[in-house]
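Heads up, the thing below is written out as C-alpha cells.
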Amino acid sequence: MFNSVNNPFGQRIESALSTGQDRQHQQQEQQQDEEKRYLENDDKDEVKISPLPELTEEQVKYMTQEYISKLKSEHQDNDKIIQKLDKFLAKFDVKKFMKQNPNMTSSDFYMVMFNETSSIIN
C-alpha cells in the first residue's frame, strides 16, 4: 500500500514491524551459525586413546596364575573352591584359550576369566 503512494523513486518502503522482524530473524540465524561453528570446532578437543596391545601366550599364562592365586586368597577359608581352582589351573590350556579368544587384550582377559571362574566360585 505504501509503495505506490508518494513514492517518486519507485523504491520499496517497509514498515517498522517488518524490519524489526527481519532483524530478529537475522539475529537468530546468526546465533545458529555461531552455534554450528562452535560445534564443528569442538571436535578438535577430542583425546584419542590408543588400543591396548594384544597378549602373548606367556602373558596369558602368567595372568591366569595370578588371577587364580588372588581368587584362592579371597576364598582361603573354603577348601572346595580352592580345590576347584587348582583343578581349573591344572586343566588350563593356553593355546586352546588363545584360539577361542583371539586378539585378546588385558581387559578382555579379565572379563573372560571372570566368566570362566564365576561358576567355580558360586
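Naming scheme: A, B, ... for chains in displayed order of the C-alpha cells; residues 1 onward per chain; ligands 1 onward as shown.
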
* Skip Lys72 of chain A itself and residues of its chain fewer than 3 positions away, then list as a VMD selection string all residues within 10 Å of it, counting only C-alpha atoms. => chain A and resid 66 to 69 75 to 79 81 to 86 121

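With only C-alpha atoms as the basis for measurement, A:Phe109 is the residue among A:Glu34, A:Phe109, A:Gln27, A:Asn103 that approaches Lys61 of chain A most closely.
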
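Distance annotation: of A:Gln31, A:Ser73, A:Gln21, A:Thr56, the residue with the minimal separation from Met104 of chain A is A:Thr56; atom set is only C-alpha atoms.
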
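Relative to atom CA of Pro51 of chain A, atom CA of Leu89 of chain A is found at 28.8 Å.
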
* Structure fact -> re atom CA of Gln24 of chain A and atom CA of Tyr38 of chain A: distance 21.0 Å

* Using only C-alpha atoms, pick whichever of A:Asp22, A:Asn122, A:Gln30, A:Thr117 has the shortest atom-to-atom distance to Lys87 of chain A. => A:Thr117

* Tell me, in Å to one decimal, how far atom CA of Lys91 of chain A is from atom CA of Ser107 of chain A. => 22.6 Å

Contacts of Ser106 of chain A at 12 Å (only C-alpha atoms; same-chain gap of 2+ positions) as a PDB file with N, CA, C and O atoms, in the first residue's frame:
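Full text of result_23.pdb as output:
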```pdb
ATOM      1  N   PRO A  51      44.742 -48.213  21.392  1.00  0.00           N
ATOM      2  CA  PRO A  51      44.250 -49.508  21.886  1.00  0.00           C
ATOM      3  C   PRO A  51      45.324 -50.241  22.682  1.00  0.00           C
ATOM      4  O   PRO A  51      46.518 -50.014  22.498  1.00  0.00           O
ATOM      5  N   LEU A  52      44.874 -51.117  23.552  1.00  0.00           N
ATOM      6  CA  LEU A  52      45.799 -51.916  24.348  1.00  0.00           C
ATOM      7  C   LEU A  52      46.467 -52.964  23.467  1.00  0.00           C
ATOM      8  O   LEU A  52      45.872 -53.454  22.509  1.00  0.00           O
ATOM      9  N   PRO A  53      47.701 -53.341  23.792  1.00  0.00           N
ATOM     10  CA  PRO A  53      48.377 -54.363  22.988  1.00  0.00           C
ATOM     11  C   PRO A  53      47.788 -55.748  23.239  1.00  0.00           C
ATOM     12  O   PRO A  53      47.241 -56.022  24.300  1.00  0.00           O
ATOM     13  N   GLU A  54      47.907 -56.584  22.240  1.00  0.00           N
ATOM     14  CA  GLU A  54      47.417 -57.957  22.372  1.00  0.00           C
ATOM     15  C   GLU A  54      48.353 -58.749  23.278  1.00  0.00           C
ATOM     16  O   GLU A  54      49.557 -58.516  23.311  1.00  0.00           O
ATOM     17  N   LEU A  55      47.785 -59.712  23.986  1.00  0.00           N
ATOM     18  CA  LEU A  55      48.553 -60.520  24.921  1.00  0.00           C
ATOM     19  C   LEU A  55      49.204 -61.705  24.211  1.00  0.00           C
ATOM     20  O   LEU A  55      48.633 -62.274  23.279  1.00  0.00           O
ATOM     21  N   THR A  56      50.366 -62.083  24.694  1.00  0.00           N
ATOM     22  CA  THR A  56      51.046 -63.280  24.186  1.00  0.00           C
ATOM     23  C   THR A  56      50.654 -64.468  25.065  1.00  0.00           C
ATOM     24  O   THR A  56      50.037 -64.301  26.117  1.00  0.00           O
ATOM     25  N   GLN A  59      52.140 -64.187  28.563  1.00  0.00           N
ATOM     26  CA  GLN A  59      51.431 -63.215  29.390  1.00  0.00           C
ATOM     27  C   GLN A  59      50.113 -63.795  29.892  1.00  0.00           C
ATOM     28  O   GLN A  59      49.738 -63.599  31.049  1.00  0.00           O
ATOM     29  N   VAL A  60      49.410 -64.506  29.030  1.00  0.00           N
ATOM     30  CA  VAL A  60      48.133 -65.098  29.428  1.00  0.00           C
ATOM     31  C   VAL A  60      48.358 -66.146  30.511  1.00  0.00           C
ATOM     32  O   VAL A  60      47.613 -66.217  31.492  1.00  0.00           O
ATOM     33  N   TYR A  62      50.838 -66.317  32.692  1.00  0.00           N
ATOM     34  CA  TYR A  62      51.194 -65.618  33.927  1.00  0.00           C
ATOM     35  C   TYR A  62      49.970 -64.954  34.562  1.00  0.00           C
ATOM     36  O   TYR A  62      49.749 -65.064  35.769  1.00  0.00           O
ATOM     37  N   MET A  63      49.178 -64.281  33.751  1.00  0.00           N
ATOM     38  CA  MET A  63      47.994 -63.582  34.268  1.00  0.00           C
ATOM     39  C   MET A  63      46.973 -64.573  34.830  1.00  0.00           C
ATOM     40  O   MET A  63      46.301 -64.286  35.822  1.00  0.00           O
ATOM     41  N   THR A  64      46.869 -65.738  34.220  1.00  0.00           N
ATOM     42  CA  THR A  64      45.950 -66.764  34.722  1.00  0.00           C
ATOM     43  C   THR A  64      46.393 -67.253  36.090  1.00  0.00           C
ATOM     44  O   THR A  64      45.573 -67.371  37.012  1.00  0.00           O
ATOM     45  N   TYR A  67      45.651 -64.539  38.563  1.00  0.00           N
ATOM     46  CA  TYR A  67      44.205 -64.411  38.783  1.00  0.00           C
ATOM     47  C   TYR A  67      43.707 -65.523  39.706  1.00  0.00           C
ATOM     48  O   TYR A  67      42.955 -65.268  40.653  1.00  0.00           O
ATOM     49  N   ASN A 101      39.724 -67.149  22.085  1.00  0.00           N
ATOM     50  CA  ASN A 101      39.645 -65.706  22.313  1.00  0.00           C
ATOM     51  C   ASN A 101      40.791 -64.995  21.593  1.00  0.00           C
ATOM     52  O   ASN A 101      41.754 -64.569  22.212  1.00  0.00           O
ATOM     53  N   ASN A 103      43.024 -62.142  19.555  1.00  0.00           N
ATOM     54  CA  ASN A 103      43.248 -60.690  19.689  1.00  0.00           C
ATOM     55  C   ASN A 103      42.851 -60.175  21.069  1.00  0.00           C
ATOM     56  O   ASN A 103      42.234 -59.121  21.201  1.00  0.00           O
ATOM     57  N   MET A 104      43.203 -60.891  22.089  1.00  0.00           N
ATOM     58  CA  MET A 104      42.796 -60.558  23.448  1.00  0.00           C
ATOM     59  C   MET A 104      43.730 -59.512  24.060  1.00  0.00           C
ATOM     60  O   MET A 104      44.938 -59.598  23.953  1.00  0.00           O
ATOM     61  N   ASP A 108      40.129 -57.632  28.113  1.00  0.00           N
ATOM     62  CA  ASP A 108      39.368 -58.786  27.617  1.00  0.00           C
ATOM     63  C   ASP A 108      39.659 -60.024  28.462  1.00  0.00           C
ATOM     64  O   ASP A 108      38.759 -60.797  28.778  1.00  0.00           O
ATOM     65  N   PHE A 109      40.919 -60.182  28.817  1.00  0.00           N
ATOM     66  CA  PHE A 109      41.320 -61.341  29.607  1.00  0.00           C
ATOM     67  C   PHE A 109      40.551 -61.393  30.928  1.00  0.00           C
ATOM     68  O   PHE A 109      40.018 -62.431  31.307  1.00  0.00           O
ATOM     69  N   TYR A 110      40.493 -60.271  31.622  1.00  0.00           N
ATOM     70  CA  TYR A 110      39.822 -60.263  32.917  1.00  0.00           C
ATOM     71  C   TYR A 110      38.317 -60.516  32.795  1.00  0.00           C
ATOM     72  O   TYR A 110      37.727 -61.167  33.647  1.00  0.00           O
ATOM     73  N   MET A 111      37.717 -60.053  31.731  1.00  0.00           N
ATOM     74  CA  MET A 111      36.289 -60.335  31.524  1.00  0.00           C
ATOM     75  C   MET A 111      36.061 -61.829  31.262  1.00  0.00           C
ATOM     76  O   MET A 111      35.148 -62.433  31.821  1.00  0.00           O
ATOM     77  N   VAL A 112      36.906 -62.407  30.430  1.00  0.00           N
ATOM     78  CA  VAL A 112      36.756 -63.825  30.099  1.00  0.00           C
ATOM     79  C   VAL A 112      37.028 -64.690  31.325  1.00  0.00           C
ATOM     80  O   VAL A 112      36.290 -65.637  31.617  1.00  0.00           O
ATOM     81  N   MET A 113      38.075 -64.357  32.067  1.00  0.00           N
ATOM     82  CA  MET A 113      38.412 -65.139  33.258  1.00  0.00           C
ATOM     83  C   MET A 113      37.319 -65.034  34.322  1.00  0.00           C
ATOM     84  O   MET A 113      37.022 -66.008  35.007  1.00  0.00           O
TER      85      MET A 113
END
```

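Candidate residues A:Lys96, A:Glu58, A:Gln65, A:Ile120 were compared for distance to Lys80 of chain A, and the nearest is A:Ile120, using only C-alpha atoms.
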
* Asked: Using only C-alpha atoms, which of A:Ala90, A:Glu40, A:Glu35, A:Thr105 sits nearest Glu57 of chain A?
  ->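 Nearest candidate to Glu57 of chain A out of A:Ala90, A:Glu40, A:Glu35, A:Thr105: A:Thr105.
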